[in-house]
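For reference, the structure is listed below as structure tokens.
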Amino acid sequence: MNYISTRGRAPVLSFEEAMMTGLARDGGLYVPQEIPRLSEPEIAALAGLSYEEAAFRVMRPFLGDTFTDEAFRDIIARAYGGFGHAARAPLVQIGANHFLLELFHGPTLAFKDFAMQLIGQLFRAALSRRGERLTIIGATSGDTGSAAIEAFRGLEGVDVFILFPRGRVSEVQRRQMTTPSEPNVHAIALDSDFDACQARVKDLFNDLAFRDEVRLAGVNSINWARVLAQVVYYFTSAVSLGAPHRPVSFTVPTGNFGDIFAGYIARRMGLPVERLVVATNQNDILHRALSTGRYEVQGVTPTISPSMDIQVSSNFERALFDAYGRDGAAVTQLMDELKSTGGFEISQGVIDRLRDTFVSGRASEEETRTTIARTAAETGEVLCPHSAVGVHVAGAHLGPVPMITLATAHPGKFPDAVEAATGQRPALPLRMADIFDRPERVTDLPDDLDALRQFIRERITN
Ligand SMILES: *Cc1c(COP(=O)(O)O)cnc(C)c1O
């Protein structure tokens, strides 16, 4: 299995190389050259398997000969062994034909653990075999950073640097990043917003000399291995509701378009997915793009669902690449235009193609709060604000096809917003309850590329 860049001018890589590289050297994102398909009997056979075995069968065709079957099974077992629920991704019903996929039982209580725990184990296996070291760098609006730190803390041969926008993540999110004491963990509070953090990470990757000097690797949602890990729960949940014999739809609280793009891959692999509903908060670039055909950056407004406070949705580039018939030159042109003018027009044929798969909606802050309160009252299920955005938007798309809304974080991660909506403060699971007592370690840096480069050079431990 080979991987190609969405901009068409980077070397073709293996799964392992694409995973270690993150962003392609031409600025694009790696995608598989072909999407493998699972047959109907293969999909039907996933029913009743453990999450780990289903994960093996769904992801195996993308790996080529990177790992033996035995090694890959071992990687998966280690990745999901620390989850707090035997089903890993349990499904609960919250209404007629409406189901919630709980993706928050991992070690940092957000769906990012599904991908990050797997990536940690994949990197561990690949690095020890190659006898190499790496510098992991990532930008986070909250949950990616804590998940990455949790996956890489104490790992020999790896330093992990995480940039987060100072003052714009919740206290639990921040503490999950600043309380690990391992010397290879470096939390950086950048004096700016998430888009700036993401832009600086891209700048570091595009500085090819620096990239080689410190052996940079990325674990943001642009990393293909992360998308791949997320494909699995689309399969397990759809199969438990009757796929491949019965179609399902998904509503996905969306920021960087990574999670919902995994749903698109599941559909391309043969899973009968009727609709993928993009749910945004008031930072609604994707909803506007799908509604109007114009993708335009408008600046970020902080919301109670901070992990979706994003205006440049990196993974959307992968969807555009397919919708433009895998024309790397066309994608390059759009991305250049985005960089120079802050937006671009999606051509009519392409927007029609995207709308065959994706529909969209947005939730205001008030609608998000109301949804948390109403869902708790009607079902007893306490939603985090991101999941509530999903449940609100899904409401407009319920019908005869079962709807699965992704619950992307545990409510205890966002206690202030949940308490404001319900009057009750959600607790953290017991295993995390001491997080408020642990000392924090964080470096404040200005939004400045030179300062970042210098800090990274100084702090690398191995
Ligand atoms: C990251 C995140 C999202 C958005 O996921 P994308 O893959 O960026 O679209 C939604 N909810 C939570 C809780 C998250 O951490």
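Note on naming: chains are A, B, ... as they come in the structure tokens, residues start from 1 per chain, ligands start from 1 in the order shown.
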
Show me which residues are within 6 Å of ligand 1 counting only C-alpha atoms and all ligand atoms, and format the list as a PDB file with C-alpha atoms, in the first residue's frame.
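Once written, out09.pdb looks like this:
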ATOM      1  CA  ALA A 110     -11.771  12.240  24.391  1.00  0.00           C
ATOM      2  CA  ASP A 143      -7.714  17.287  23.352  1.00  0.00           C
ATOM      3  CA  PRO A 253     -18.921  17.218  15.814  1.00  0.00           C
ATOM      4  CA  THR A 254     -16.264  18.627  13.517  1.00  0.00           C
ATOM      5  CA  GLY A 255     -13.313  20.985  13.723  1.00  0.00           C
ATOM      6  CA  ASN A 256     -10.357  19.841  11.676  1.00  0.00           C
ATOM      7  CA  PHE A 257     -12.449  17.425   9.564  1.00  0.00           C
ATOM      8  CA  GLY A 258     -10.315  14.468  10.707  1.00  0.00           C
ATOM      9  CA  ASP A 259     -12.918  12.400  12.478  1.00  0.00           C
ATOM     10  CA  SER A 307     -11.887  21.659  20.556  1.00  0.00           C
ATOM     11  CA  MET A 308     -13.909  22.781  17.549  1.00  0.00           C
ATOM     12  CA  HIS A 386     -18.973  19.081  21.580  1.00  0.00           C
ATOM     13  CA  THR A 408     -16.381  13.013  21.380  1.00  0.00           C
ATOM     14  CA  ALA A 409     -15.466  13.850  24.978  1.00  0.00           C
TER      15      ALA A 409
END

**Request:** Could you give me, as a VMD selection string, the residues within 10 Å of segment 116-122 of chain A, counting only C-alpha atoms and dropping anything in the same chain fewer than 3 positions from it?
**Result:** chain A and resid 16 19 to 20 66 to 67 71 to 72 74 to 83 106 to 107 111 to 113 125 to 127 144 to 153 155 219 to 221 223 225 to 226 228 to 230

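Candidate residues A:Val382, A:Leu338, A:Leu276, A:Val231 were compared for distance to Phe56 of chain A, and the nearest is A:Val231, using only C-alpha atoms.
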
**Message:** I want to know what sits within 9 Å of Arg25 of chain A, based on only C-alpha atoms, with residues of the same chain fewer than 5 positions away left out; could you give that as a ChimeraX atom specification?
**Reply:** /A:5,9-11,205-206,208

Now that the selection is made, can you save its residues with all heavy atoms as a CSV table (one decimal), in the first residue's frame?
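Written out: again-v6.csv:
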chain,number,residue,atom,x,y,z
A,5,SER,N,0.6,12.4,-1.9
A,5,SER,CA,0.3,13.7,-1.4
A,5,SER,C,-0.9,14.3,-2.1
A,5,SER,O,-1.0,14.2,-3.3
A,5,SER,CB,1.5,14.6,-1.4
A,5,SER,OG,1.1,15.9,-1.2
A,9,ARG,N,3.2,16.5,-5.4
A,9,ARG,CA,4.6,16.8,-5.8
A,9,ARG,C,5.5,16.3,-4.7
A,9,ARG,O,6.6,16.8,-4.5
A,9,ARG,CB,4.8,18.2,-6.0
A,9,ARG,CG,4.3,18.7,-7.4
A,9,ARG,CD,4.4,20.1,-7.6
A,9,ARG,NE,3.5,20.8,-6.8
A,9,ARG,CZ,3.8,21.8,-5.9
A,9,ARG,NH1,5.1,22.1,-5.7
A,9,ARG,NH2,2.9,22.3,-5.1
A,10,ALA,N,5.1,15.3,-3.8
A,10,ALA,CA,6.0,14.8,-2.8
A,10,ALA,C,6.2,13.3,-3.1
A,10,ALA,O,5.4,12.7,-3.8
A,10,ALA,CB,5.3,14.9,-1.4
A,11,PRO,N,7.3,12.7,-2.6
A,11,PRO,CA,7.6,11.3,-2.9
A,11,PRO,C,6.4,10.4,-2.4
A,11,PRO,O,5.7,10.7,-1.4
A,11,PRO,CB,8.8,11.0,-2.0
A,11,PRO,CG,9.2,12.3,-1.4
A,11,PRO,CD,8.3,13.4,-1.7
A,205,PHE,N,7.4,22.4,9.9
A,205,PHE,CA,7.5,21.3,9.0
A,205,PHE,C,8.0,21.7,7.6
A,205,PHE,O,8.7,21.0,7.0
A,205,PHE,CB,6.1,20.5,8.8
A,205,PHE,CG,6.0,19.4,9.9
A,205,PHE,CD1,5.3,19.7,11.1
A,205,PHE,CD2,6.5,18.2,9.6
A,205,PHE,CE1,5.2,18.7,12.0
A,205,PHE,CE2,6.3,17.2,10.6
A,205,PHE,CZ,5.7,17.4,11.8
A,206,ASN,N,7.6,22.9,7.3
A,206,ASN,CA,8.0,23.4,5.9
A,206,ASN,C,9.4,24.0,5.9
A,206,ASN,O,10.0,24.2,4.9
A,206,ASN,CB,7.0,24.5,5.5
A,206,ASN,CG,5.7,23.9,5.0
A,206,ASN,OD1,5.6,22.8,4.6
A,206,ASN,ND2,4.6,24.6,5.2
A,208,LEU,N,12.5,22.7,5.9
A,208,LEU,CA,13.0,21.4,5.7
A,208,LEU,C,14.3,21.1,6.4
A,208,LEU,O,14.5,20.0,6.8
A,208,LEU,CB,13.1,21.1,4.2
A,208,LEU,CG,11.8,21.2,3.4
A,208,LEU,CD1,12.0,20.8,1.9
A,208,LEU,CD2,10.6,20.3,4.0

Please provide as a PDB file with N, CA, C and O atoms, in the first residue's frame all residues within 8 Å of segment 238-248 of chain A, with the sequence filter that same-chain residues fewer than 3 positions apart are discarded (counting only C-alpha atoms).
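As a result, out10.pdb now contains:
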ATOM      1  N   GLU A  40     -19.069  -7.397   1.498  1.00  0.00           N
ATOM      2  CA  GLU A  40     -20.212  -7.512   2.429  1.00  0.00           C
ATOM      3  C   GLU A  40     -20.009  -8.605   3.466  1.00  0.00           C
ATOM      4  O   GLU A  40     -20.227  -8.360   4.659  1.00  0.00           O
ATOM      5  N   ILE A  43     -17.602  -7.420   6.074  1.00  0.00           N
ATOM      6  CA  ILE A  43     -18.181  -6.446   7.001  1.00  0.00           C
ATOM      7  C   ILE A  43     -19.124  -7.159   7.976  1.00  0.00           C
ATOM      8  O   ILE A  43     -19.074  -6.937   9.187  1.00  0.00           O
ATOM      9  N   ALA A  44     -19.955  -8.062   7.444  1.00  0.00           N
ATOM     10  CA  ALA A  44     -20.903  -8.787   8.304  1.00  0.00           C
ATOM     11  C   ALA A  44     -20.162  -9.582   9.373  1.00  0.00           C
ATOM     12  O   ALA A  44     -20.632  -9.702  10.516  1.00  0.00           O
ATOM     13  N   LEU A  46     -17.697  -8.791  11.057  1.00  0.00           N
ATOM     14  CA  LEU A  46     -17.192  -7.979  12.174  1.00  0.00           C
ATOM     15  C   LEU A  46     -18.141  -8.026  13.372  1.00  0.00           C
ATOM     16  O   LEU A  46     -17.751  -7.700  14.495  1.00  0.00           O
ATOM     17  N   ALA A  47     -19.397  -8.427  13.119  1.00  0.00           N
ATOM     18  CA  ALA A  47     -20.399  -8.421  14.189  1.00  0.00           C
ATOM     19  C   ALA A  47     -19.951  -9.329  15.328  1.00  0.00           C
ATOM     20  O   ALA A  47     -19.530 -10.463  15.108  1.00  0.00           O
ATOM     21  N   GLY A  48     -20.022  -8.815  16.524  1.00  0.00           N
ATOM     22  CA  GLY A  48     -19.734  -9.631  17.698  1.00  0.00           C
ATOM     23  C   GLY A  48     -18.262  -9.791  18.028  1.00  0.00           C
ATOM     24  O   GLY A  48     -17.918 -10.367  19.056  1.00  0.00           O
ATOM     25  N   TYR A 234     -16.441   3.577  13.128  1.00  0.00           N
ATOM     26  CA  TYR A 234     -17.565   3.699  12.195  1.00  0.00           C
ATOM     27  C   TYR A 234     -18.062   2.299  11.827  1.00  0.00           C
ATOM     28  O   TYR A 234     -19.268   2.053  11.763  1.00  0.00           O
ATOM     29  N   PHE A 235     -17.117   1.398  11.608  1.00  0.00           N
ATOM     30  CA  PHE A 235     -17.495   0.024  11.280  1.00  0.00           C
ATOM     31  C   PHE A 235     -18.169  -0.667  12.464  1.00  0.00           C
ATOM     32  O   PHE A 235     -19.247  -1.246  12.327  1.00  0.00           O
ATOM     33  N   LEU A 271     -18.646   0.458   3.634  1.00  0.00           N
ATOM     34  CA  LEU A 271     -19.657   0.515   4.694  1.00  0.00           C
ATOM     35  C   LEU A 271     -20.855   1.326   4.189  1.00  0.00           C
ATOM     36  O   LEU A 271     -20.667   2.424   3.655  1.00  0.00           O
ATOM     37  N   PRO A 272     -22.076   0.789   4.322  1.00  0.00           N
ATOM     38  CA  PRO A 272     -23.229   1.549   3.814  1.00  0.00           C
ATOM     39  C   PRO A 272     -23.583   2.732   4.716  1.00  0.00           C
ATOM     40  O   PRO A 272     -24.389   2.610   5.632  1.00  0.00           O
ATOM     41  N   VAL A 273     -22.963   3.864   4.439  1.00  0.00           N
ATOM     42  CA  VAL A 273     -23.227   5.104   5.185  1.00  0.00           C
ATOM     43  C   VAL A 273     -24.055   6.001   4.289  1.00  0.00           C
ATOM     44  O   VAL A 273     -23.619   6.406   3.216  1.00  0.00           O
ATOM     45  N   GLU A 274     -25.276   6.306   4.743  1.00  0.00           N
ATOM     46  CA  GLU A 274     -26.178   7.116   3.933  1.00  0.00           C
ATOM     47  C   GLU A 274     -25.718   8.577   3.894  1.00  0.00           C
ATOM     48  O   GLU A 274     -25.510   9.155   2.851  1.00  0.00           O
ATOM     49  N   ARG A 275     -25.536   9.154   5.075  1.00  0.00           N
ATOM     50  CA  ARG A 275     -25.156  10.559   5.175  1.00  0.00           C
ATOM     51  C   ARG A 275     -24.091  10.735   6.235  1.00  0.00           C
ATOM     52  O   ARG A 275     -24.134  10.084   7.274  1.00  0.00           O
ATOM     53  N   VAL A 401     -33.450   6.066   8.612  1.00  0.00           N
ATOM     54  CA  VAL A 401     -32.095   5.494   8.710  1.00  0.00           C
ATOM     55  C   VAL A 401     -31.539   5.799  10.102  1.00  0.00           C
ATOM     56  O   VAL A 401     -31.564   6.953  10.530  1.00  0.00           O
ATOM     57  N   PRO A 402     -31.053   4.776  10.813  1.00  0.00           N
ATOM     58  CA  PRO A 402     -30.512   5.040  12.152  1.00  0.00           C
ATOM     59  C   PRO A 402     -29.405   6.091  12.111  1.00  0.00           C
ATOM     60  O   PRO A 402     -28.556   6.062  11.224  1.00  0.00           O
ATOM     61  N   MET A 403     -29.458   7.023  13.062  1.00  0.00           N
ATOM     62  CA  MET A 403     -28.436   8.072  13.161  1.00  0.00           C
ATOM     63  C   MET A 403     -27.530   7.776  14.353  1.00  0.00           C
ATOM     64  O   MET A 403     -28.011   7.539  15.453  1.00  0.00           O
ATOM     65  N   ILE A 404     -26.234   7.771  14.104  1.00  0.00           N
ATOM     66  CA  ILE A 404     -25.255   7.614  15.173  1.00  0.00           C
ATOM     67  C   ILE A 404     -24.533   8.942  15.337  1.00  0.00           C
ATOM     68  O   ILE A 404     -23.872   9.415  14.418  1.00  0.00           O
TER      69      ILE A 404
END
